[in-house]
Each structure stands twice: as C-alpha cells, then as structure tokens.
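The data block below is data30.cif; it holds mmCIF, C-alpha atoms.
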```
data_data
loop_
_atom_site.label_atom_id
_atom_site.label_comp_id
_atom_site.auth_asym_id
_atom_site.auth_seq_id
_atom_site.Cartn_x
_atom_site.Cartn_y
_atom_site.Cartn_z
CA MET P 589 171.48 -39.89 89.87
CA ILE P 590 170.97 -38.11 86.52
CA PRO P 591 172.63 -39.91 83.58
CA SER P 592 175.34 -38.01 81.75
CA ASP P 593 174.86 -36.96 78.13
CA ASN P 594 177.14 -39.81 77.07
CA ALA P 595 175.12 -42.28 79.13
CA GLN P 596 171.90 -41.03 77.55
CA LEU P 597 173.41 -41.41 74.09
CA SER P 598 174.57 -44.89 75.00
CA MET P 599 171.10 -45.88 76.19
CA ARG P 600 169.51 -44.45 73.06
CA GLY P 601 172.07 -46.28 70.93
CA SER P 602 171.41 -49.58 72.71
CA LEU P 603 167.66 -49.11 72.28
CA HIS P 604 168.16 -48.32 68.60
CA HIS P 605 170.22 -51.47 68.12
CA ALA P 606 167.76 -53.59 70.06
CA MET P 607 164.86 -52.33 67.96
CA ARG P 608 166.81 -52.94 64.74
CA LYS P 609 167.48 -56.50 65.82
CA LYS P 610 163.87 -57.13 66.82
CA ALA P 611 162.78 -55.75 63.45
CA VAL P 612 163.40 -59.22 62.06
CA PHE P 613 160.12 -60.17 63.77
CA ILE P 614 158.10 -57.09 62.88
CA ASP P 615 159.31 -56.27 59.35
CA ASN P 616 156.65 -57.26 56.84
CA LEU P 617 154.25 -57.98 59.71
CA LEU P 618 151.43 -55.94 58.19
CA VAL P 619 150.12 -58.90 56.23
CA PRO P 620 146.55 -59.93 57.14
CA SER P 621 147.41 -63.64 57.38
CA LYS P 622 150.37 -62.92 59.69
CA ILE P 623 148.31 -60.67 61.94
CA TRP P 624 145.51 -63.26 62.01
CA ASN P 625 147.96 -66.03 62.97
CA LEU P 626 149.44 -63.80 65.68
CA LEU P 627 146.02 -63.06 67.15
CA LYS P 628 145.02 -66.73 67.10
CA MET P 629 148.32 -67.65 68.73
CA PHE P 630 147.72 -65.37 71.71
CA VAL P 631 144.09 -66.48 72.07
CA LYS P 632 145.25 -70.10 72.07
CA TYR P 633 147.96 -69.21 74.58
CA LEU P 634 145.69 -67.26 76.94
CA PHE P 635 142.62 -69.50 76.83
CA ARG P 636 144.28 -72.90 76.19
CA LEU P 637 142.13 -73.66 73.17
CA ASP P 638 143.34 -76.80 71.39
CA ALA P 639 140.90 -76.40 68.50
CA ILE P 640 142.58 -73.25 67.19
CA ASN P 641 145.16 -74.10 64.51
CA VAL P 642 148.19 -71.81 64.40
CA TYR P 643 151.75 -71.61 63.07
CA PRO P 644 154.81 -70.74 65.21
CA LEU P 645 156.08 -67.18 65.25
CA MET P 646 159.65 -68.48 64.90
CA LEU P 647 160.76 -71.65 63.15
CA LYS P 648 164.29 -72.86 63.82
CA ILE P 649 165.86 -74.56 60.80
CA ASP P 650 168.69 -77.06 61.26
CA ASP P 651 169.99 -76.98 57.69
CA THR P 652 172.92 -79.27 58.58
CA PRO P 653 174.09 -81.14 61.72
CA LEU P 654 177.73 -80.87 60.60
CA CYS P 655 180.12 -78.65 62.57
CA GLN P 656 183.89 -78.27 62.46
CA LEU P 657 184.12 -77.11 66.09
CA LYS P 658 184.08 -79.19 69.28
CA CYS P 659 182.71 -76.72 71.83
CA PRO P 660 182.54 -78.21 75.37
CA VAL P 661 178.83 -77.44 75.69
CA CYS P 662 177.83 -79.20 72.46
CA ILE P 663 177.18 -82.71 71.18
CA HIS P 664 180.20 -82.42 68.89
CA ILE P 665 182.75 -82.39 71.72
CA ASP P 666 183.19 -86.17 71.95
CA HIS P 667 181.55 -88.22 69.24
CA VAL P 668 182.72 -91.57 70.59
CA LYS P 669 181.61 -90.95 74.17
CA ASN P 670 178.29 -89.47 73.11
CA ASN P 671 177.54 -92.09 70.44
CA PHE P 672 178.06 -89.66 67.58
CA SER P 673 180.37 -90.00 64.63
CA GLN P 674 181.58 -87.17 62.41
CA GLN P 675 181.23 -89.60 59.53
CA ASP P 676 177.53 -89.89 60.32
CA PHE P 677 177.14 -86.13 59.83
CA LYS P 678 179.13 -85.84 56.60
CA ASN P 679 177.10 -84.78 53.57
CA LYS P 680 173.97 -84.53 55.69
CA LYS P 681 171.95 -81.41 55.05
CA MET P 682 168.36 -80.35 54.63
CA ASP P 683 167.13 -81.07 51.14
CA PHE P 684 166.19 -77.85 49.34
CA GLY P 685 162.94 -79.43 48.18
CA LEU P 686 161.97 -80.18 51.78
CA PHE P 687 162.89 -76.62 52.77
CA LYS P 688 160.67 -75.21 50.01
CA LYS P 689 157.80 -77.43 51.15
CA VAL P 690 158.06 -76.07 54.70
CA VAL P 691 158.43 -72.42 53.66
CA ASP P 692 155.56 -72.64 51.18
CA GLU P 693 153.34 -73.81 54.04
CA VAL P 694 154.39 -71.34 56.73
CA ALA P 695 154.71 -68.30 54.43
CA GLY P 696 152.26 -65.61 55.40
CA LYS P 697 152.01 -66.93 58.95
CA THR P 698 155.42 -67.53 60.53
CA LEU P 699 157.39 -64.33 61.12
CA VAL P 700 161.00 -65.51 61.05
CA LEU P 701 163.29 -68.46 60.32
CA SER P 702 166.32 -68.99 62.55
CA PHE P 703 169.14 -70.91 60.84
CA GLY P 704 171.46 -72.79 63.18
CA HIS P 705 170.80 -75.51 65.72
CA LEU P 706 173.67 -77.85 66.61
CA GLY P 707 175.45 -77.58 63.27
CA GLU P 708 177.19 -74.79 61.37
CA PRO P 709 174.62 -73.44 58.86
CA ILE P 710 177.21 -72.06 56.42
CA LEU P 711 178.48 -75.59 55.79
CA ASN P 712 175.26 -76.13 53.84
CA LYS P 713 176.07 -74.57 50.47
CA ASP P 714 172.35 -73.94 49.88
CA LEU P 715 172.09 -71.52 52.82
CA ALA P 716 171.99 -68.29 50.76
CA LYS P 717 169.57 -69.94 48.35
CA MET P 718 167.32 -70.94 51.25
CA VAL P 719 167.37 -67.45 52.77
CA ARG P 720 166.56 -65.90 49.39
CA TYR P 721 163.67 -68.32 48.81
CA ALA P 722 162.23 -67.50 52.25
CA ARG P 723 162.67 -63.78 51.66
CA ASP P 724 160.85 -64.02 48.32
CA LYS P 725 158.01 -65.66 50.26
CA ASN P 726 158.00 -62.71 52.70
CA VAL P 727 159.58 -64.67 55.57
CA ASN P 728 162.55 -63.06 57.33
CA SER P 729 165.65 -65.02 58.35
CA PHE P 730 168.59 -64.75 60.69
CA VAL P 731 171.71 -66.90 60.90
CA THR P 732 173.94 -67.80 63.84
CA THR P 733 177.37 -68.89 62.60
CA ASN P 734 180.72 -69.59 64.26
CA PHE P 735 182.21 -68.00 61.08
CA SER P 736 185.35 -70.11 61.43
CA VAL P 737 184.94 -71.35 57.88
CA LYS P 738 186.55 -70.47 54.57
CA ILE P 739 184.08 -68.44 52.51
CA THR P 740 184.70 -67.23 48.98
CA ASP P 741 183.79 -63.70 47.94
CA GLU P 742 181.00 -65.14 45.80
CA GLN P 743 179.53 -67.06 48.77
CA MET P 744 179.83 -64.02 51.03
CA GLU P 745 178.12 -61.75 48.51
CA ALA P 746 175.35 -64.29 47.92
CA LEU P 747 174.62 -64.42 51.65
CA ILE P 748 174.70 -60.63 52.02
CA CYS P 749 172.37 -60.12 49.06
CA SER P 750 170.05 -62.99 49.97
CA GLY P 751 167.71 -60.82 52.03
CA LEU P 752 169.20 -62.02 55.32
CA LYS P 753 168.13 -59.78 58.21
CA ILE P 754 170.59 -60.71 60.97
CA ILE P 755 173.88 -62.57 61.17
CA SER P 756 175.14 -63.34 64.67
CA ILE P 757 178.80 -64.25 65.24
CA PRO P 758 180.17 -65.58 68.56
CA ILE P 759 183.55 -64.16 69.62
CA ASP P 760 184.28 -65.28 73.18
CA GLY P 761 187.90 -64.20 73.31
CA TYR P 762 190.20 -61.55 71.83
CA THR P 763 193.19 -63.88 71.67
CA GLN P 764 193.29 -67.35 70.14
CA GLU P 765 194.25 -68.91 73.48
CA ILE P 766 191.17 -67.60 75.28
CA TYR P 767 188.83 -67.97 72.31
CA ALA P 768 189.77 -71.64 71.81
CA LYS P 769 188.90 -72.60 75.37
CA THR P 770 185.23 -72.65 74.40
CA ARG P 771 185.36 -72.54 70.58
CA VAL P 772 187.56 -75.60 70.32
CA ASN P 773 189.05 -76.05 66.82
CA GLY P 774 187.94 -72.52 65.96
CA ASN P 775 190.31 -70.13 64.20
CA LEU P 776 189.88 -66.63 65.66
CA SER P 777 192.00 -65.02 62.96
CA LEU P 778 189.68 -66.48 60.32
CA VAL P 779 186.58 -65.39 62.27
CA LYS P 780 187.88 -61.81 62.47
CA LYS P 781 188.87 -61.79 58.81
CA ASN P 782 185.44 -63.05 57.76
CA THR P 783 183.69 -60.49 59.98
CA GLU P 784 185.81 -57.67 58.53
CA ARG P 785 185.09 -58.88 54.98
CA LEU P 786 181.38 -59.14 55.78
CA ILE P 787 181.14 -55.54 57.01
CA GLU P 788 183.27 -54.14 54.20
CA MET P 789 181.28 -55.99 51.53
CA ARG P 790 177.92 -55.13 53.06
CA ASN P 791 178.81 -51.45 53.14
CA ARG P 792 180.27 -51.49 49.64
CA LEU P 793 177.20 -53.21 48.21
CA GLY P 794 174.92 -50.78 50.03
CA VAL P 795 172.90 -53.50 51.77
CA LYS P 796 171.31 -51.55 54.60
CA ASP P 797 168.96 -54.20 56.01
CA LEU P 798 171.61 -56.70 57.16
CA PHE P 799 172.20 -56.36 60.92
CA ILE P 800 175.60 -57.70 62.06
CA GLU P 801 175.87 -58.79 65.69
CA VAL P 802 178.81 -60.16 67.66
CA GLN P 803 177.95 -62.28 70.71
CA THR P 804 180.32 -62.77 73.62
CA ALA P 805 179.53 -65.42 76.21
CA THR P 806 181.17 -64.74 79.57
CA PHE P 807 183.11 -67.50 81.33
CA THR P 808 185.54 -67.59 84.24
CA HIS P 809 188.49 -67.40 81.85
CA ASN P 810 187.54 -64.46 79.58
CA PRO P 811 186.29 -61.35 81.50
CA HIS P 812 189.61 -59.54 81.04
CA GLU P 813 189.28 -59.77 77.23
CA ILE P 814 185.67 -58.56 76.94
CA PRO P 815 186.65 -54.84 76.83
CA LEU P 816 189.08 -55.66 74.01
CA ILE P 817 186.33 -57.45 72.07
CA ALA P 818 184.00 -54.50 72.65
CA GLU P 819 186.60 -52.03 71.36
CA TYR P 820 187.30 -54.24 68.34
CA CYS P 821 183.57 -54.35 67.50
CA LYS P 822 183.27 -50.59 67.85
CA LYS P 823 186.21 -49.86 65.56
CA LEU P 824 185.05 -52.42 63.02
CA GLY P 825 181.51 -51.04 62.82
CA VAL P 826 179.63 -54.04 64.19
CA ASP P 827 175.98 -53.06 64.68
CA TYR P 828 175.66 -54.60 68.13
CA HIS P 829 177.90 -56.37 70.64
CA ARG P 830 175.90 -58.61 72.93
CA VAL P 831 177.43 -59.91 76.19
CA TYR P 832 175.67 -62.67 78.09
CA GLY P 833 176.38 -65.43 80.61
CA GLY P 834 177.90 -68.54 79.04
CA ASP P 835 177.18 -72.17 79.85
CA GLU P 836 180.23 -74.07 81.08
CA GLY P 837 178.46 -77.42 81.27
CA ASN P 838 177.52 -79.85 78.54
CA TRP P 839 174.01 -80.11 77.10
CA ILE P 840 173.99 -83.88 77.18
CA ILE P 841 174.95 -84.08 80.85
CA ASP P 842 172.92 -81.05 81.92
CA CYS P 843 169.77 -82.30 80.16
CA ARG P 844 169.47 -85.49 82.21
CA PRO P 845 165.82 -86.10 83.16
CA PHE P 846 164.23 -85.24 86.51
CA ASN P 847 161.04 -86.63 88.04
CA ASP P 848 159.69 -84.07 90.48
CA PRO P 849 157.03 -82.04 88.62
CA ARG P 850 156.56 -78.41 89.61
CA LYS P 851 153.17 -77.23 90.88
CA PRO P 852 150.47 -75.93 88.49
CA GLN P 853 150.46 -72.22 87.72
CA ALA P 854 148.52 -69.77 85.57
CA ILE P 855 151.51 -68.78 83.42
CA PRO P 856 153.23 -71.54 81.40
CA TYR P 857 156.68 -72.55 82.59
CA CYS P 858 157.94 -72.58 79.00
CA ALA P 859 156.78 -70.67 75.92
CA TRP P 860 158.55 -72.80 73.30
CA PRO P 861 155.62 -75.18 72.57
CA PHE P 862 153.38 -72.17 71.95
CA PHE P 863 155.50 -69.80 69.87
CA ALA P 864 158.42 -71.68 68.29
CA SER P 865 159.42 -75.01 66.80
CA VAL P 866 162.47 -76.77 65.35
CA ILE P 867 162.80 -78.70 62.10
CA ILE P 868 166.08 -80.56 61.82
CA TYR P 869 167.84 -81.47 58.59
CA ASP P 870 165.96 -84.72 57.91
CA GLY P 871 162.48 -83.31 58.56
CA ARG P 872 161.95 -84.32 62.18
CA VAL P 873 160.02 -81.74 64.23
CA LEU P 874 161.14 -80.90 67.80
CA PRO P 875 159.21 -78.67 70.20
CA CYS P 876 162.41 -77.04 71.53
CA SER P 877 166.11 -76.69 70.75
CA ALA P 878 167.54 -77.48 74.19
CA TYR P 879 166.18 -80.85 75.34
CA HIS P 880 166.89 -84.38 74.09
CA VAL P 881 169.83 -83.14 72.01
CA ASP P 882 171.68 -86.37 72.77
CA ASN P 883 168.76 -88.49 71.64
CA THR P 884 168.10 -86.43 68.50
CA PHE P 885 171.51 -87.18 66.98
CA SER P 886 172.36 -90.48 68.66
CA VAL P 887 173.22 -93.42 66.43
CA GLU P 888 172.11 -95.94 69.05
CA GLU P 889 168.71 -94.69 70.26
CA GLU P 890 165.39 -94.20 68.56
CA SER P 891 164.72 -90.51 68.18
CA ILE P 892 162.12 -88.79 70.37
CA HIS P 893 160.38 -86.23 68.16
CA MET P 894 156.89 -85.03 67.26
CA ASP P 895 156.68 -86.23 63.64
CA ASN P 896 158.44 -85.79 60.28
CA VAL P 897 157.39 -83.19 57.72
CA ASN P 898 158.62 -85.40 54.91
CA ASN P 899 155.47 -87.42 55.52
CA VAL P 900 152.89 -84.92 56.79
CA SER P 901 152.19 -81.20 56.76
CA PHE P 902 153.87 -79.05 59.38
CA SER P 903 150.48 -77.72 60.50
CA SER P 904 149.25 -81.23 61.28
CA VAL P 905 152.29 -81.68 63.56
CA PHE P 906 152.24 -78.29 65.30
CA ASN P 907 148.50 -78.56 65.99
CA SER P 908 148.46 -82.26 66.83
CA LYS P 909 147.11 -83.85 70.00
CA LYS P 910 150.69 -84.66 71.04
CA TYR P 911 151.77 -81.00 70.70
CA ASN P 912 148.69 -79.73 72.53
CA THR P 913 149.42 -82.15 75.36
CA LEU P 914 152.81 -80.49 75.80
CA ARG P 915 151.17 -77.07 75.94
CA ARG P 916 148.84 -78.16 78.74
CA LEU P 917 151.82 -79.66 80.54
CA MET P 918 153.50 -76.25 80.63
CA TYR P 919 150.65 -75.04 82.87
CA ASN P 920 150.41 -78.17 84.98
CA PRO P 921 153.52 -80.41 84.95
CA ARG P 922 151.84 -82.79 87.39
CA ALA P 923 149.12 -83.78 84.93
CA ASP P 924 151.46 -85.89 82.80
CA ASP P 925 151.83 -89.67 82.76
CA HIS P 926 155.63 -89.43 82.26
CA ASN P 927 155.63 -91.31 79.00
CA PRO P 928 158.55 -89.94 76.92
CA ASP P 929 157.16 -91.61 73.79
CA VAL P 930 154.17 -89.26 74.01
CA ASN P 931 155.71 -86.41 75.94
CA PHE P 932 158.92 -84.90 74.52
CA CYS P 933 159.28 -82.67 77.60
CA ASP P 934 159.16 -85.52 80.13
CA GLY P 935 161.90 -84.94 82.71
CA CYS P 936 162.88 -81.46 81.50
CA SER P 937 164.31 -79.29 84.30
CA VAL P 938 162.10 -76.36 83.25
CA ILE P 939 158.98 -78.19 84.49
CA ASN P 940 160.65 -80.39 87.10
CA HIS P 941 162.42 -79.53 90.34
CA GLN P 942 166.15 -80.21 90.37
CA PRO P 943 168.06 -81.40 93.44
CA GLY P 944 168.70 -78.37 95.59
CA ASP P 945 165.65 -76.42 94.42
CA LYS P 946 163.59 -74.90 97.16
#
```
Re-express the file's structure as structure tokens.
Amino acid sequence: MIPSDNAQLSMRGSLHHAMRKKAVFIDNLLVPSKIWNLLKMFVKYLFRLDAINVYPLMLKIDDTPLCQLKCPVCIHIDHVKNNFSQQDFKNKKMDFGLFKKVVDEVAGKTLVLSFGHLGEPILNKDLAKMVRYARDKNVNSFVTTNFSVKITDEQMEALICSGLKIISIPIDGYTQEIYAKTRVNGNLSLVKKNTERLIEMRNRLGVKDLFIEVQTATFTHNPHEIPLIAEYCKKLGVDYHRVYGGDEGNWIIDCRPFNDPRKPQAIPYCAWPFFASVIIYDGRVLPCSAYHVDNTFSVEEESIHMDNVNNVSFSSVFNSKKYNTLRRLMYNPRADDHNPDVNFCDGCSVINHQPGDK
C-alpha cells in the first residue's frame, strides 16, 4: 500500500521532530574530548575492558527529591506505608556547589544532563541556574516536569533562556477527572496554563533551540481522551506529542527482588551501567533510575548505592571495581555472588527470570 501525501508528510514531520529531540545528544558533539570519550565507551562496551576509564553519555541529575504529586507508580504515593515522610524531603535539594563540581568534571565528555528523577525539578529554585552553568560548560540539558507548579514570569523566562534543550511535560488526560487518576494532586488547568505560557514566551523571546514535548502515558482509563490531547497539542504548537504505554503498578512493589539469573549472552541485558548514571540530590551515585527506589529514599534502611561524589570524584565511582562488576553481570547474570552490598543490581528483573517467564 502506497502512503498518501498526508501520510508521507506526517512521517517526515515525525522524523523531523525525532531528530530535533535527539539533537540534545549530538549538538556540540564535535569536541575532541567528547568524541574520544564516545569511542572509548563503545570499545569498553564491545570488548569488556575494565581498564578503560570513561564518562557516561547521559547523567541523570536528581536536583530535589521533593514532589507535590502522589502518582500511584511513585514513592510519593504513600509516605507512611513506604517509610517516607514529606517532612524528610522538605528543603532538600542538590547543593549548587556540588552540582558545579560534577559538571566541571564531566564537561567535555558527557553529552547531556537529564533533570528529574523521583522529584519535581522545578521545585529547586536553582534549576535554571544549573542548566545555564551546564550550558556554559558545553553540556546540554533536558528537564522532565509535571508542570503543576506556580511559576512566575521571571522564573519561566530564566528557564527558557538558560540554554535548556528539551522540556518534557506529562499530560495523561484532557479533563481533570481523567488526568488526576494518575497525576494525583496535579492541577491540569495549571499545567495547561504553564504550557501555553511557555510556548508563548519562547516564541516571543525568539528562543529557537528549546524543544517542547508533551508526553501521554496510556492507561485503561484514558484512551478516549488521547485524540483530544493530540488536538490540543497541535493547536497550541507543541513540538512533539509522544504517546507511550503507562505503568499502572508501583515501583516499590514491582521492583521486588528475584533470584533466578538469566543465562549468559553476548549482548548485555541492560545498557544503563555502560552509558548512563544517576546522581541524586545528596551526591549518592546510582547505576540506574528504576531499581532500589524504595531503598534510596527510605528513612529506615541503609542506602544501597555506588559511592558519594561529595567525597570522591565521579570518575573514580563510574570506573570503580564495583561498577565494572555490574557491567560484567549484564553479560552473565549467573556469575554474581548475590551480595546486594556489592551488587546494586542483585535481584533486578532485567537480569533475573520472573515467575511466569518461559
């Protein structure tokens, strides 16, 4: 079947938007130190060479653990049940001095910073300042925000003019009733107002490099509103509307450990330990953003993490024996001694069979 002209335009448009979004990784890539780090990374990946020191291509920055929403999938849904307290998160944010230390080290090697982990990045008033500092060091940034926060014109303009490459905004419903089923405590009217202000201000200021994306996670309760969200994004001038399958579970429950290692294979089961890393607000380094989320923010358990960049360089953590052990484990999950104190990934479902797997 030959695509219609409209279909061809649609495909070209989608490709254009996809390339614009991926430009956050390739803009400013033609720097010798970045290219050298990229080459070393792939050699290390392909030949499993521990001796080669590299920096991650993407570094996820948790600038604050605080969030005003209580999404069912997240740690914030039930602080009492999950041993979290909103009071414990208040006033907690990444120190700007620590952020500078990290950026100064990874500048010229790491391609992009991703702001947003389990907190709302805009609640850290230093966000625009952080993005600008990274941009001045030739490191691109993107931000994922629920956008259900009150933002002054001055704050909005500072973020737009900070050098930010991408801002991604989740809108999972067109009406408040549907939206609030997953974005609990979120104010859809405020999200829409902020998105409209963002686009109007970006266009008025002539900032052409900021890519604005709306994400819609699909659930059993919202398929009928997705066309309305798509039409809203089109009329508003959103650069890209991404629709993907949503998670209706809870990370804490779904991340329970398993103990049936998968068989060895030539291709790693997970790429996170090779190409990305997470630094949370207090300097702890995590090898991924999806596992041990309960432990990371628990007030009752000792944290399982790789090390803390308040005390050591990031390079010494990312290229440590402990990190390299995880990388070998991705090829052969059965080679591990199942010691979670040494192995952050112990029990992860990515490298272990779950009940019901064939």
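When atom CA of P:Ile814 is paired with atom CA of P:His705, their separation reads 25.2 Å.
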* **Length of the atom CA of P:Lys689 to atom CA of P:Thr733 vector [Å]** => 24.2 Å
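Of the listed residues P:Val866, P:Ile757, P:Val795, P:Ala854, the one whose atoms come nearest to P:Leu701 is P:Val866, with distances taken using all atoms listed in the file.
Shortest atom-to-atom contact with P:Leu657 among P:Cys936, P:Ile800, P:Ala639, P:Leu706: P:Leu706, counting all atoms listed in the file.
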* Determine, counting all atoms listed in the file, every residue of protein, DNA or RNA that lies within 12 Å of (174.6, -76.4, 79.8) in the file coordinates, then give the result as a PyMOL selection string. => chain P and resi 659-663+833-844+878-879+881+937
* Protein and nucleic acid residues near (168.5, -76.9, 57.8) (cut-off 8 Å, only C-alpha atoms) as a list in words -> Ile649, Asp650, Asp651, Thr652, Lys681, Met682, Asp683, Phe687, Phe703, Gly704, Pro709, Asn712, Ile867, Ile868 and Tyr869 of chain P
* To do: Just say which residues the PyMOL selection byres ((chain P and resi 731) around 12) picks in this file, as a VMD selection string.
  => chain P and resid 612 648 to 651 700 to 705 707 to 710 715 to 716 718 to 719 728 to 730 732 to 735 747 to 748 750 to 758 798 to 802
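Using only C-alpha atoms for every distance, the candidate list P:Lys632, P:His812, P:His664, P:Arg771 yields P:Lys632 as the residue closest to P:Arg916.
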* Do you have the atom CA of P:Thr808-atom CA of P:Arg830 distance handy? -> 17.4 Å
* Asked: Residues at most 10 Å from P:Val772, counting only C-alpha atoms, excluding those fewer than 3 positions away in the same chain, as an NGL selection string?
  -> :P and (656-660 or 665 or 765 or 767-769 or 775)
* **Test item: the PyMOL selection byres ((chain P and resi 782-788) around 9) resolved as a PyMOL selection string** => chain P and resi 735-739+741+744-745+748+757+777-781+789-793+800+824-826
* Which polymer residues have any atom within 10 Å of an atom of P:Ser901, counting all atoms listed in the file, with same-chain residues fewer than 4 positions away left out, as a ChimeraX atom specification? -> /P:689-690,693,895-897,905-906
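Closest approach to P:Cys821 among P:Tyr762, P:Phe846, P:Tyr919, P:Tyr633: P:Tyr762, based on only C-alpha atoms.
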* Structure fact -> Counting only C-alpha atoms, closest pick from P:Asn899, P:Thr770, P:Thr913, P:Asn920 relative to P:Arg872 is P:Asn899
* To do: Tell me which of P:Met894, P:Pro943, P:Ile817, P:Phe862 sits closest to P:Met629, counting only C-alpha atoms.
  => P:Phe862
Return stretch 709-718 of chain P, completed with all heavy atoms, as a PDB file, in the frame of the given file.
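Saved file result14.pdb follows:
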```pdb
ATOM      1  N   PRO P 709     175.496 -73.610  60.027  1.00  0.00           N
ATOM      2  CA  PRO P 709     174.620 -73.440  58.860  1.00  0.00           C
ATOM      3  C   PRO P 709     175.349 -73.120  57.562  1.00  0.00           C
ATOM      4  O   PRO P 709     174.897 -73.503  56.483  1.00  0.00           O
ATOM      5  CB  PRO P 709     173.683 -72.304  59.271  1.00  0.00           C
ATOM      6  CG  PRO P 709     174.317 -71.656  60.454  1.00  0.00           C
ATOM      7  CD  PRO P 709     175.134 -72.701  61.125  1.00  0.00           C
ATOM      8  N   ILE P 710     176.502 -72.436  57.637  1.00  0.00           N
ATOM      9  CA  ILE P 710     177.210 -72.060  56.420  1.00  0.00           C
ATOM     10  C   ILE P 710     177.800 -73.266  55.703  1.00  0.00           C
ATOM     11  O   ILE P 710     178.093 -73.219  54.509  1.00  0.00           O
ATOM     12  CB  ILE P 710     178.279 -70.992  56.736  1.00  0.00           C
ATOM     13  CG1 ILE P 710     177.592 -69.657  57.068  1.00  0.00           C
ATOM     14  CG2 ILE P 710     179.247 -70.777  55.578  1.00  0.00           C
ATOM     15  CD1 ILE P 710     178.530 -68.525  57.393  1.00  0.00           C
ATOM     16  N   LEU P 711     177.954 -74.383  56.421  1.00  0.00           N
ATOM     17  CA  LEU P 711     178.480 -75.590  55.790  1.00  0.00           C
ATOM     18  C   LEU P 711     177.474 -76.207  54.814  1.00  0.00           C
ATOM     19  O   LEU P 711     177.828 -77.093  54.036  1.00  0.00           O
ATOM     20  CB  LEU P 711     178.886 -76.620  56.850  1.00  0.00           C
ATOM     21  CG  LEU P 711     180.074 -76.209  57.732  1.00  0.00           C
ATOM     22  CD1 LEU P 711     180.383 -77.301  58.746  1.00  0.00           C
ATOM     23  CD2 LEU P 711     181.311 -75.908  56.886  1.00  0.00           C
ATOM     24  N   ASN P 712     176.236 -75.761  54.863  1.00  0.00           N
ATOM     25  CA  ASN P 712     175.260 -76.130  53.840  1.00  0.00           C
ATOM     26  C   ASN P 712     175.347 -75.094  52.722  1.00  0.00           C
ATOM     27  O   ASN P 712     175.002 -73.932  52.914  1.00  0.00           O
ATOM     28  CB  ASN P 712     173.849 -76.160  54.426  1.00  0.00           C
ATOM     29  CG  ASN P 712     172.806 -76.656  53.435  1.00  0.00           C
ATOM     30  OD1 ASN P 712     172.987 -76.592  52.224  1.00  0.00           O
ATOM     31  ND2 ASN P 712     171.686 -77.145  53.953  1.00  0.00           N
ATOM     32  N   LYS P 713     175.835 -75.500  51.571  1.00  0.00           N
ATOM     33  CA  LYS P 713     176.070 -74.570  50.470  1.00  0.00           C
ATOM     34  C   LYS P 713     174.787 -73.947  49.933  1.00  0.00           C
ATOM     35  O   LYS P 713     174.825 -72.982  49.169  1.00  0.00           O
ATOM     36  CB  LYS P 713     176.815 -75.282  49.333  1.00  0.00           C
ATOM     37  CG  LYS P 713     178.160 -75.881  49.739  1.00  0.00           C
ATOM     38  CD  LYS P 713     179.090 -74.831  50.349  1.00  0.00           C
ATOM     39  CE  LYS P 713     180.438 -75.444  50.715  1.00  0.00           C
ATOM     40  NZ  LYS P 713     181.336 -74.468  51.396  1.00  0.00           N
ATOM     41  N   ASP P 714     173.636 -74.500  50.326  1.00  0.00           N
ATOM     42  CA  ASP P 714     172.350 -73.940  49.880  1.00  0.00           C
ATOM     43  C   ASP P 714     171.831 -72.849  50.809  1.00  0.00           C
ATOM     44  O   ASP P 714     170.708 -72.355  50.604  1.00  0.00           O
ATOM     45  CB  ASP P 714     171.291 -75.054  49.803  1.00  0.00           C
ATOM     46  CG  ASP P 714     171.494 -75.970  48.614  1.00  0.00           C
ATOM     47  OD1 ASP P 714     172.114 -75.536  47.619  1.00  0.00           O
ATOM     48  OD2 ASP P 714     171.027 -77.126  48.662  1.00  0.00           O
ATOM     49  N   LEU P 715     172.608 -72.456  51.816  1.00  0.00           N
ATOM     50  CA  LEU P 715     172.090 -71.520  52.820  1.00  0.00           C
ATOM     51  C   LEU P 715     171.587 -70.228  52.184  1.00  0.00           C
ATOM     52  O   LEU P 715     170.460 -69.799  52.453  1.00  0.00           O
ATOM     53  CB  LEU P 715     173.173 -71.215  53.864  1.00  0.00           C
ATOM     54  CG  LEU P 715     172.777 -70.175  54.920  1.00  0.00           C
ATOM     55  CD1 LEU P 715     171.576 -70.647  55.743  1.00  0.00           C
ATOM     56  CD2 LEU P 715     173.961 -69.858  55.837  1.00  0.00           C
ATOM     57  N   ALA P 716     172.409 -69.562  51.373  1.00  0.00           N
ATOM     58  CA  ALA P 716     171.990 -68.290  50.760  1.00  0.00           C
ATOM     59  C   ALA P 716     170.757 -68.497  49.878  1.00  0.00           C
ATOM     60  O   ALA P 716     169.852 -67.652  49.850  1.00  0.00           O
ATOM     61  CB  ALA P 716     173.138 -67.697  49.951  1.00  0.00           C
ATOM     62  N   LYS P 717     170.718 -69.614  49.197  1.00  0.00           N
ATOM     63  CA  LYS P 717     169.570 -69.940  48.350  1.00  0.00           C
ATOM     64  C   LYS P 717     168.308 -70.117  49.188  1.00  0.00           C
ATOM     65  O   LYS P 717     167.218 -69.676  48.802  1.00  0.00           O
ATOM     66  CB  LYS P 717     169.893 -71.227  47.573  1.00  0.00           C
ATOM     67  CG  LYS P 717     168.860 -71.674  46.571  1.00  0.00           C
ATOM     68  CD  LYS P 717     169.339 -72.958  45.886  1.00  0.00           C
ATOM     69  CE  LYS P 717     168.294 -73.530  44.944  1.00  0.00           C
ATOM     70  NZ  LYS P 717     168.760 -74.813  44.343  1.00  0.00           N
ATOM     71  N   MET P 718     168.459 -70.748  50.343  1.00  0.00           N
ATOM     72  CA  MET P 718     167.320 -70.940  51.250  1.00  0.00           C
ATOM     73  C   MET P 718     166.818 -69.598  51.776  1.00  0.00           C
ATOM     74  O   MET P 718     165.608 -69.340  51.799  1.00  0.00           O
ATOM     75  CB  MET P 718     167.728 -71.842  52.405  1.00  0.00           C
ATOM     76  CG  MET P 718     167.919 -73.288  52.035  1.00  0.00           C
ATOM     77  SD  MET P 718     168.493 -74.276  53.448  1.00  0.00           S
ATOM     78  CE  MET P 718     168.200 -75.946  52.831  1.00  0.00           C
TER      79      MET P 718
END
```
